[in-house]
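Pasting final_35.csv here (CSV, C-alpha atoms):
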chain,number,residue,atom,x,y,z
A,1,MET,CA,67.4,3.1,7.7
A,2,ALA,CA,65.6,2.5,4.4
A,3,ARG,CA,63.3,0.1,6.1
A,4,ALA,CA,62.4,2.8,8.7
A,5,GLU,CA,61.7,5.3,6.0
A,6,ALA,CA,59.5,2.8,4.2
A,7,GLN,CA,57.5,2.2,7.4
A,8,ASP,CA,57.2,5.9,8.0
A,9,ALA,CA,55.9,6.4,4.4
A,10,GLY,CA,53.5,3.5,4.8
A,11,ALA,CA,52.1,4.9,8.0
A,12,GLY,CA,51.7,8.4,6.4
A,13,PHE,CA,50.0,6.9,3.4
A,14,ASP,CA,47.7,4.8,5.5
A,15,LYS,CA,46.5,8.0,7.2
A,16,ARG,CA,45.9,9.7,3.9
A,17,ILE,CA,43.8,6.8,2.6
A,18,ALA,CA,41.7,7.0,5.8
A,19,GLU,CA,41.2,10.7,5.4
A,20,ASN,CA,40.3,10.6,1.7
A,21,GLN,CA,38.9,7.2,0.8
A,22,ARG,CA,35.2,8.0,1.2
A,23,ARG,CA,35.3,11.2,-0.9
A,24,VAL,CA,37.6,9.6,-3.6
A,25,PHE,CA,35.2,6.7,-3.9
A,26,GLN,CA,32.2,9.0,-4.1
A,27,ILE,CA,33.8,11.0,-6.9
A,28,ALA,CA,34.3,7.8,-8.9
A,29,TYR,CA,30.9,6.6,-8.0
A,30,SER,CA,29.2,9.8,-9.1
A,31,VAL,CA,30.7,9.4,-12.5
A,32,LEU,CA,30.4,5.6,-12.9
A,33,GLY,CA,27.3,4.8,-10.8
A,34,ASN,CA,28.7,1.3,-10.0
A,35,SER,CA,30.5,0.4,-6.7
A,36,ALA,CA,32.8,-2.3,-8.1
A,37,ASP,CA,34.2,0.0,-10.8
A,38,ALA,CA,34.3,3.0,-8.4
A,39,GLU,CA,36.4,0.9,-6.0
A,40,ASP,CA,38.8,-0.1,-8.8
A,41,VAL,CA,39.2,3.4,-9.9
A,42,ALA,CA,39.6,4.7,-6.4
A,43,GLN,CA,42.3,2.1,-5.7
A,44,GLU,CA,44.1,3.0,-8.9
A,45,ALA,CA,44.1,6.7,-7.9
A,46,PHE,CA,45.6,5.8,-4.4
A,47,LEU,CA,48.3,3.6,-6.0
A,48,ARG,CA,49.3,6.4,-8.3
A,49,ALA,CA,49.4,8.8,-5.3
A,50,TYR,CA,51.6,6.3,-3.5
A,51,GLN,CA,54.1,6.3,-6.3
A,52,LYS,CA,54.3,10.1,-5.9
A,53,PHE,CA,53.9,10.1,-2.2
A,54,ASP,CA,57.2,11.8,-1.5
A,55,SER,CA,55.9,15.0,-3.1
A,56,LEU,CA,52.3,14.5,-1.8
A,57,ARG,CA,53.0,14.2,2.0
A,58,GLU,CA,51.2,17.4,2.7
A,59,ALA,CA,47.5,16.7,3.4
A,60,GLU,CA,46.1,19.5,1.2
A,61,LYS,CA,48.3,18.6,-1.7
A,62,PHE,CA,47.4,15.0,-1.4
A,63,ARG,CA,43.7,15.7,-1.3
A,64,ALA,CA,43.7,18.0,-4.4
A,65,TRP,CA,45.9,15.6,-6.3
A,66,VAL,CA,43.9,12.5,-5.6
A,67,ASN,CA,40.6,14.3,-6.4
A,68,ARG,CA,41.9,15.3,-9.8
A,69,ILE,CA,43.3,11.8,-10.6
A,70,VAL,CA,40.2,9.9,-9.5
A,71,PHE,CA,38.0,12.1,-11.5
A,72,ARG,CA,40.1,11.7,-14.6
A,73,LEU,CA,40.4,7.9,-14.2
A,74,ALA,CA,36.6,7.6,-13.7
A,75,LEU,CA,36.0,9.6,-16.9
A,76,ASN,CA,38.4,7.3,-18.8
A,77,ARG,CA,36.6,4.3,-17.4
A,78,ARG,CA,33.2,5.7,-18.4
A,79,ARG,CA,34.4,6.2,-21.9
A,80,GLY,CA,35.2,2.5,-21.9
A,81,TYR,CA,31.7,1.8,-20.7
A,82,ARG,CA,30.2,3.7,-23.6
A,83,ARG,CA,32.2,1.6,-26.0
A,84,ARG,CA,31.0,-1.6,-24.2
A,85,LEU,CA,27.4,-0.3,-24.1
A,86,VAL,CA,27.3,-0.3,-27.9
A,87,ARG,CA,28.1,-4.0,-27.8
A,88,ASP,CA,26.3,-5.1,-24.7
A,89,SER,CA,22.7,-3.9,-24.1
A,90,ALA,CA,22.6,-5.8,-20.8
A,91,TRP,CA,24.8,-3.1,-19.2
A,92,GLN,CA,21.8,-1.1,-17.7
A,93,VAL,CA,20.6,-4.2,-15.8
A,94,THR,CA,24.0,-4.8,-14.3
A,95,GLU,CA,24.3,-1.2,-13.4
A,96,THR,CA,21.1,-1.1,-11.5
A,97,ALA,CA,21.8,-4.3,-9.6
A,98,THR,CA,25.2,-3.0,-8.3
A,99,MET,CA,24.1,0.4,-7.1
A,100,VAL,CA,25.0,1.2,-3.5
A,101,ASP,CA,23.3,4.6,-3.1
A,102,GLY,CA,20.8,5.5,-0.5
A,103,ALA,CA,17.6,4.6,-2.5
A,104,ARG,CA,15.0,3.3,-0.2
A,105,ASP,CA,12.5,1.8,-2.5
A,106,ALA,CA,12.0,0.7,-6.1
A,107,GLU,CA,10.3,3.9,-7.1
A,108,GLN,CA,13.2,6.0,-5.8
A,109,ARG,CA,15.6,3.7,-7.6
A,110,VAL,CA,13.8,4.2,-10.8
A,111,MET,CA,14.0,7.9,-10.3
A,112,LEU,CA,17.7,7.7,-9.5
A,113,ASP,CA,18.3,5.7,-12.6
A,114,ARG,CA,16.5,8.2,-14.7
A,115,MET,CA,18.3,11.2,-13.0
A,116,ARG,CA,21.6,9.5,-13.7
A,117,ARG,CA,20.7,9.2,-17.4
A,118,GLU,CA,19.6,12.8,-17.5
A,119,ILE,CA,22.8,14.0,-15.8
A,120,GLU,CA,24.8,11.9,-18.4
A,121,SER,CA,23.0,13.7,-21.2
A,122,LEU,CA,23.8,17.2,-19.8
A,123,PRO,CA,26.5,19.2,-21.6
A,124,GLU,CA,29.9,18.2,-20.4
A,125,LYS,CA,30.7,21.4,-18.5
A,126,PHE,CA,27.5,21.2,-16.5
A,127,ARG,CA,27.7,17.4,-16.0
A,128,SER,CA,31.3,17.6,-14.5
A,129,VAL,CA,30.5,20.2,-11.9
A,130,LEU,CA,27.4,18.5,-10.9
A,131,GLN,CA,29.0,15.1,-10.6
A,132,LEU,CA,31.9,16.5,-8.5
A,133,SER,CA,29.6,18.5,-6.3
A,134,LEU,CA,27.7,15.3,-5.5
A,135,ALA,CA,30.5,13.9,-3.4
A,136,GLU,CA,30.7,14.7,0.3
A,137,GLU,CA,33.2,17.4,1.4
A,138,MET,CA,33.4,18.8,-2.2
A,139,ASP,CA,32.7,22.5,-2.1
A,140,ALA,CA,32.9,24.9,-5.0
A,141,ALA,CA,36.6,25.6,-4.4
A,142,ASP,CA,37.4,21.9,-4.5
A,143,VAL,CA,35.4,21.3,-7.6
A,144,GLY,CA,37.0,24.3,-9.2
A,145,GLU,CA,40.5,23.0,-8.3
A,146,VAL,CA,39.8,19.7,-10.1
A,147,LEU,CA,38.4,21.3,-13.2
A,148,GLY,CA,40.7,24.3,-13.2
A,149,ILE,CA,37.9,26.9,-13.0
A,150,PRO,CA,37.1,29.5,-10.4
A,151,ALA,CA,34.7,28.7,-7.5
A,152,GLY,CA,32.2,31.3,-8.8
A,153,THR,CA,32.0,29.6,-12.2
A,154,VAL,CA,31.4,26.3,-10.4
A,155,ARG,CA,28.5,27.7,-8.5
A,156,SER,CA,27.0,29.3,-11.6
A,157,ARG,CA,27.3,26.0,-13.6
A,158,VAL,CA,25.8,24.0,-10.8
A,159,HIS,CA,22.8,26.3,-10.7
A,160,THR,CA,22.4,26.0,-14.5
A,161,ALA,CA,22.8,22.2,-14.3
A,162,ARG,CA,20.0,22.0,-11.7
A,163,LYS,CA,17.8,24.2,-13.8
A,164,LEU,CA,18.3,22.0,-16.8
A,165,LEU,CA,17.5,18.9,-14.7
A,166,LEU,CA,14.4,20.5,-13.3
A,167,GLU,CA,13.2,21.1,-16.8
A,168,VAL,CA,13.8,17.6,-18.1
A,169,MET,CA,12.7,15.6,-15.0
A,170,LYS,CA,9.0,15.9,-15.7
B,171,MET,CA,0.4,27.1,-19.8
B,172,LYS,CA,-0.8,29.9,-22.1
B,173,LYS,CA,1.2,30.8,-25.1
B,174,GLU,CA,2.0,34.3,-23.8
B,175,CYS,CA,3.4,32.8,-20.6
B,176,ASN,CA,6.3,31.2,-22.5
B,177,GLU,CA,8.3,34.3,-21.9
B,178,TRP,CA,8.2,33.6,-18.2
B,179,LYS,CA,9.5,30.0,-18.6
B,180,ASP,CA,13.0,30.8,-17.4
B,181,GLN,CA,11.6,32.9,-14.5
B,182,LEU,CA,9.4,29.9,-13.5
B,183,LEU,CA,12.5,27.7,-13.2
B,184,GLU,CA,14.5,30.4,-11.4
B,185,THR,CA,11.8,31.0,-8.9
B,186,ALA,CA,11.3,27.2,-8.3
B,187,LEU,CA,15.1,26.9,-7.7
B,188,THR,CA,15.8,30.0,-5.7
B,189,GLY,CA,12.4,30.4,-3.9
B,190,THR,CA,12.2,34.1,-4.8
B,191,ALA,CA,10.4,35.6,-7.7
B,192,ALA,CA,11.6,38.6,-9.6
B,193,LYS,CA,9.3,41.7,-9.3
B,194,GLY,CA,7.8,41.5,-12.7
B,195,PHE,CA,7.2,37.8,-12.5
B,196,GLU,CA,5.6,38.1,-9.1
B,197,GLU,CA,3.0,40.5,-10.6
B,198,HIS,CA,2.4,38.1,-13.4
B,199,LEU,CA,1.9,35.2,-11.0
B,200,GLN,CA,-0.8,37.1,-9.2
B,201,SER,CA,-2.8,37.3,-12.3
B,202,CYS,CA,-2.0,33.9,-14.0
B,203,ALA,CA,-3.3,30.8,-12.5
B,204,ASP,CA,-1.6,28.6,-15.1
B,205,CYS,CA,1.9,29.9,-14.1
B,206,GLY,CA,0.9,29.5,-10.4
B,207,ALA,CA,0.1,25.9,-11.0
B,208,GLU,CA,3.2,25.3,-13.1
B,209,LEU,CA,5.3,26.9,-10.3
B,210,LYS,CA,3.7,24.6,-7.7
B,211,GLU,CA,4.6,21.6,-9.8
B,212,LEU,CA,8.2,22.8,-10.4
B,213,ARG,CA,8.7,23.4,-6.7
B,214,ALA,CA,7.6,19.8,-5.9
B,215,ARG,CA,10.0,18.6,-8.6
B,216,ARG,CA,12.8,20.7,-7.1
B,217,GLU,CA,12.1,19.1,-3.7
B,218,GLN,CA,12.4,15.7,-5.3
B,219,LEU,CA,15.6,16.8,-7.0
B,220,ASP,CA,17.0,18.0,-3.6
B,221,THR,CA,16.2,14.6,-2.1
B,222,LEU,CA,17.5,12.5,-5.0
B,223,LEU,CA,20.7,14.4,-6.0
B,224,PRO,CA,22.6,13.7,-2.7
B,225,MET,CA,21.7,10.0,-3.1
B,226,MET,CA,23.6,9.8,-6.3
B,227,ALA,CA,26.9,9.5,-4.4
B,228,GLN,CA,26.6,10.7,-0.8
B,229,GLY,CA,26.1,7.9,1.7
B,230,ALA,CA,28.0,5.6,-0.7
B,231,GLY,CA,31.3,4.3,0.5
B,232,PRO,CA,34.0,1.8,-0.3
B,233,SER,CA,33.8,-1.7,1.2
B,234,GLY,CA,35.3,-2.3,4.6
B,235,ASP,CA,38.5,-3.8,3.5
B,236,PHE,CA,39.2,-1.2,0.9
B,237,ARG,CA,42.0,0.5,2.9
B,238,ALA,CA,43.7,-2.8,3.6
B,239,ARG,CA,43.5,-3.8,-0.1
B,240,VAL,CA,45.0,-0.5,-1.2
B,241,LEU,CA,47.8,-0.8,1.3
B,242,ALA,CA,48.6,-4.4,0.3
B,243,ALA,CA,48.6,-3.3,-3.4
B,244,ALA,CA,50.9,-0.4,-2.6
B,245,GLU,CA,53.2,-2.7,-0.6
B,246,SER,CA,53.3,-5.2,-3.4
B,247,ALA,CA,54.0,-2.5,-6.0
B,248,ARG,CA,56.9,-1.2,-3.8
B,249,GLU,CA,58.4,-4.6,-3.5
B,250,GLY,CA,58.1,-5.2,-7.2
B,251,LYS,CA,59.8,-1.9,-7.8
B,252,HIS,CA,62.7,-2.8,-5.5
B,253,ALA,CA,62.9,-6.3,-6.9
B,254,ARG,CA,63.3,-5.0,-10.4
B,255,PRO,CA,66.9,-3.7,-10.1
B,256,TRP,CA,67.9,-7.0,-8.5
B,257,ARG,CA,66.5,-8.9,-11.5
B,258,VAL,CA,68.3,-6.6,-13.9
B,259,TRP,CA,71.6,-7.3,-12.2
B,260,VAL,CA,71.1,-11.0,-12.3
B,261,LEU,CA,70.3,-10.8,-16.0
B,262,VAL,CA,73.4,-8.6,-16.6
B,263,GLY,CA,75.6,-11.1,-14.7
B,264,ALA,CA,74.3,-14.1,-16.5
B,265,THR,CA,74.9,-12.3,-19.9
B,266,ALA,CA,78.5,-11.5,-18.8
B,267,VAL,CA,79.2,-15.1,-17.8
B,268,ILE,CA,77.9,-16.4,-21.1
B,269,ALA,CA,79.8,-13.9,-23.1
B,270,ALA,CA,83.0,-14.7,-21.2
B,271,ALA,CA,82.5,-18.4,-21.8
B,272,LEU,CA,82.0,-17.8,-25.5
B,273,VAL,CA,85.2,-15.7,-25.8
B,274,ALA,CA,87.2,-18.3,-23.8
B,275,GLY,CA,85.9,-21.0,-26.0
B,276,LEU,CA,87.0,-19.2,-29.2
B,277,THR,CA,90.5,-18.1,-27.9
B,278,LEU,CA,91.7,-21.0,-25.8
B,279,PRO,CA,92.3,-23.6,-28.6
B,280,ARG,CA,94.5,-21.0,-30.4
B,281,LYS,CA,96.6,-20.4,-27.3
B,282,ASN,CA,97.1,-24.1,-26.7
B,283,GLY,CA,98.1,-24.6,-30.4
B,284,GLY,CA,101.9,-24.4,-29.6
B,285,MET,CA,101.6,-26.7,-26.6
B,286,VAL,CA,100.6,-30.0,-28.3
B,287,PRO,CA,102.3,-32.8,-26.4
B,288,PRO,CA,105.3,-34.4,-28.3
B,289,ASN,CA,103.9,-37.9,-28.4
B,290,GLU,CA,100.7,-36.5,-30.1
B,291,LEU,CA,102.8,-34.5,-32.5
B,292,ALA,CA,104.9,-37.6,-33.4
B,293,GLY,CA,101.7,-39.7,-33.9
B,294,ALA,CA,100.3,-37.0,-36.3
B,295,GLN,CA,103.5,-37.0,-38.3
B,296,LYS,CA,103.5,-40.8,-38.5
B,297,LEU,CA,100.0,-40.7,-39.8
B,298,ALA,CA,100.8,-38.1,-42.4
B,299,GLU,CA,103.7,-40.3,-43.7
B,300,TRP,CA,101.7,-43.5,-43.8
B,301,ARG,CA,101.2,-45.2,-47.2
B,302,ALA,CA,98.8,-48.0,-47.9
B,303,PRO,CA,100.5,-51.4,-48.7
B,304,SER,CA,98.9,-51.4,-52.1
B,305,ASP,CA,101.2,-48.4,-53.0
B,306,SER,CA,104.3,-50.6,-52.8
B,307,LEU,CA,102.6,-53.5,-54.6
B,308,LEU,CA,101.9,-51.2,-57.5
B,309,ARG,CA,105.6,-50.4,-57.8
B,310,THR,CA,106.4,-53.2,-60.2
B,311,PRO,CA,109.1,-53.3,-63.0
B,312,GLY,CA,106.3,-52.7,-65.5
B,313,LEU,CA,105.2,-49.6,-63.9
B,314,GLU,CA,107.4,-47.4,-66.1
B,315,LEU,CA,105.8,-49.1,-69.2
B,316,LEU,CA,102.3,-48.4,-68.0
B,317,LYS,CA,103.1,-44.7,-67.5
B,318,ALA,CA,103.7,-44.3,-71.3
B,319,THR,CA,100.9,-44.8,-73.8
B,320,PRO,CA,102.2,-46.9,-76.9
B,321,LYS,CA,101.8,-45.3,-80.3
B,322,LEU,CA,99.9,-47.1,-83.0
B,323,GLY,CA,101.7,-50.3,-84.1
B,324,ASP,CA,104.0,-50.2,-81.0
B,325,SER,CA,104.0,-52.8,-78.4
B,326,TYR,CA,104.2,-52.6,-74.7
B,327,LEU,CA,107.1,-55.0,-75.1
B,328,GLN,CA,109.2,-52.3,-76.8
B,329,VAL,CA,110.7,-50.6,-73.9
B,330,PRO,CA,111.1,-46.9,-74.7
B,331,LYS,CA,114.7,-45.9,-74.8
B,332,THR,CA,116.0,-43.9,-71.9
B,333,ASP,CA,118.0,-40.7,-72.3
B,334,GLU,CA,121.3,-42.6,-71.5
B,335,GLU,CA,120.7,-45.2,-74.3
B,336,GLU,CA,120.1,-42.5,-76.9
Representation of the structure as structure tokens:
Amino acid sequence: MARAEAQDAGAGFDKRIAENQRRVFQIAYSVLGNSADAEDVAQEAFLRAYQKFDSLREAEKFRAWVNRIVFRLALNRRRGYRRRLVRDSAWQVTETATMVDGARDAEQRVMLDRMRREIESLPEKFRSVLQLSLAEEMDAADVGEVLGIPAGTVRSRVHTARKLLLEVMK
Amino acid sequence: MKKECNEWKDQLLETALTGTAAKGFEEHLQSCADCGAELKELRARREQLDTLLPMMAQGAGPSGDFRARVLAAAESAREGKHARPWRVWVLVGATAVIAAALVAGLTLPRKNGGMVPPNELAGAQKLAEWRAPSDSLLRTPGLELLKATPKLGDSYLQVPKTDEEE
């Protein structure tokens, strides 16, 4: 009986991973810019979701919960980076070497690196909405749900963030 | 850009982003070549931004075995969670056995105290009554003399008078 329940939960969880893994990874990646760390954080988010799976069986609930958790975990991981960055100046080299984004050539990669740094230096409220909006299937309502703000505020902040980027990316 | 054009800076950015200029700014653009050039440059930069921004995360995905790894880790966590109560019970059982052994070790000798076999009891009594052979050798006739210390001028040969003689 218990075994059958466990199998049922396992199958349901497997389905939820399949539905969410790409977006969850991208949220982590947009914050961390590094695939190895993004995978670590995404896995941690799914494991936490598994522990609470009884209350997260509903697809929408699972999606919203895991979006929130992965973003929070990624931010925590990034704070760790910053501390490491002070000690290890070679971080930037490693970061560039492990990128898995769609950059096609060296020039584009340089531009992406620069844009990542510019996004990092944006005020937190603009940076968060932009990073979350970068992931696939994350509309203003989804971003708002993660940050606890209305969708309209998300749209307005994304616009301001883009304006700030446009100004600094000369 | 001319100094007086600074007031249009925000409008330049807005127009570059949205693609539509506000009425007042549109009129300014018609008469200001500098702002026209600036807007052209900003529009090119916005196009670049539109290309690059999605690349920051979109298109990226976890490795092929990610799902399998998460499932394996979840399964392992579940087994660990189930194994934990079993370990606790083993620990509790072992502690109980040790405690029982300690209690038994302390109380059993007391309980057996009254049940010492008669031959062991007789042997112990015999041992308690045993005197060394030297004890009987020391019981000589002069023993009584040695027990009393003679006064100055007395001799050991003067046997002290007993109560009967007095």
Chain B residues near chain A (10 Å cut-off, only C-alpha atoms) as a PDB file with C-alpha atoms, in the coordinates of the input:
ATOM      1  CA  LYS B 179       9.500  30.000 -18.600  1.00  0.00           C
ATOM      2  CA  ASP B 180      13.000  30.800 -17.400  1.00  0.00           C
ATOM      3  CA  LEU B 183      12.500  27.700 -13.200  1.00  0.00           C
ATOM      4  CA  GLU B 184      14.500  30.400 -11.400  1.00  0.00           C
ATOM      5  CA  ALA B 186      11.300  27.200  -8.300  1.00  0.00           C
ATOM      6  CA  LEU B 187      15.100  26.900  -7.700  1.00  0.00           C
ATOM      7  CA  THR B 188      15.800  30.000  -5.700  1.00  0.00           C
ATOM      8  CA  GLU B 211       4.600  21.600  -9.800  1.00  0.00           C
ATOM      9  CA  LEU B 212       8.200  22.800 -10.400  1.00  0.00           C
ATOM     10  CA  ARG B 213       8.700  23.400  -6.700  1.00  0.00           C
ATOM     11  CA  ARG B 215      10.000  18.600  -8.600  1.00  0.00           C
ATOM     12  CA  ARG B 216      12.800  20.700  -7.100  1.00  0.00           C
ATOM     13  CA  GLU B 217      12.100  19.100  -3.700  1.00  0.00           C
ATOM     14  CA  GLN B 218      12.400  15.700  -5.300  1.00  0.00           C
ATOM     15  CA  LEU B 219      15.600  16.800  -7.000  1.00  0.00           C
ATOM     16  CA  ASP B 220      17.000  18.000  -3.600  1.00  0.00           C
ATOM     17  CA  THR B 221      16.200  14.600  -2.100  1.00  0.00           C
ATOM     18  CA  LEU B 222      17.500  12.500  -5.000  1.00  0.00           C
ATOM     19  CA  LEU B 223      20.700  14.400  -6.000  1.00  0.00           C
ATOM     20  CA  PRO B 224      22.600  13.700  -2.700  1.00  0.00           C
ATOM     21  CA  MET B 225      21.700  10.000  -3.100  1.00  0.00           C
ATOM     22  CA  MET B 226      23.600   9.800  -6.300  1.00  0.00           C
ATOM     23  CA  ALA B 227      26.900   9.500  -4.400  1.00  0.00           C
ATOM     24  CA  GLN B 228      26.600  10.700  -0.800  1.00  0.00           C
ATOM     25  CA  GLY B 229      26.100   7.900   1.700  1.00  0.00           C
ATOM     26  CA  ALA B 230      28.000   5.600  -0.700  1.00  0.00           C
ATOM     27  CA  GLY B 231      31.300   4.300   0.500  1.00  0.00           C
ATOM     28  CA  PRO B 232      34.000   1.800  -0.300  1.00  0.00           C
ATOM     29  CA  SER B 233      33.800  -1.700   1.200  1.00  0.00           C
ATOM     30  CA  PHE B 236      39.200  -1.200   0.900  1.00  0.00           C
ATOM     31  CA  ARG B 237      42.000   0.500   2.900  1.00  0.00           C
ATOM     32  CA  ALA B 238      43.700  -2.800   3.600  1.00  0.00           C
ATOM     33  CA  ARG B 239      43.500  -3.800  -0.100  1.00  0.00           C
ATOM     34  CA  VAL B 240      45.000  -0.500  -1.200  1.00  0.00           C
ATOM     35  CA  LEU B 241      47.800  -0.800   1.300  1.00  0.00           C
ATOM     36  CA  ALA B 243      48.600  -3.300  -3.400  1.00  0.00           C
ATOM     37  CA  ALA B 244      50.900  -0.400  -2.600  1.00  0.00           C
ATOM     38  CA  GLU B 245      53.200  -2.700  -0.600  1.00  0.00           C
ATOM     39  CA  ALA B 247      54.000  -2.500  -6.000  1.00  0.00           C
ATOM     40  CA  ARG B 248      56.900  -1.200  -3.800  1.00  0.00           C
TER      41      ARG B 248
END
Inset, instruction - Between CA of Arg157 (chain A) and CA of Arg79 (chain A), measure the distance and give it in Å to one decimal. - result: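 Computing it gives 22.6 Å between the two atoms.
CA of Arg114 (chain A) sits 17.5 Å away from CA of Ser128 (chain A).
The list of residues with at least one atom within 9 Å of region 58-61 of chain A, based on only C-alpha atoms and without residues fewer than 4 positions apart in the same chain, reads Arg16, Glu19, Trp65 and Val66 of chain A.
Between CA of Leu122 (chain A) and CA of Ala161 (chain A) there is a distance of 7.5 Å.
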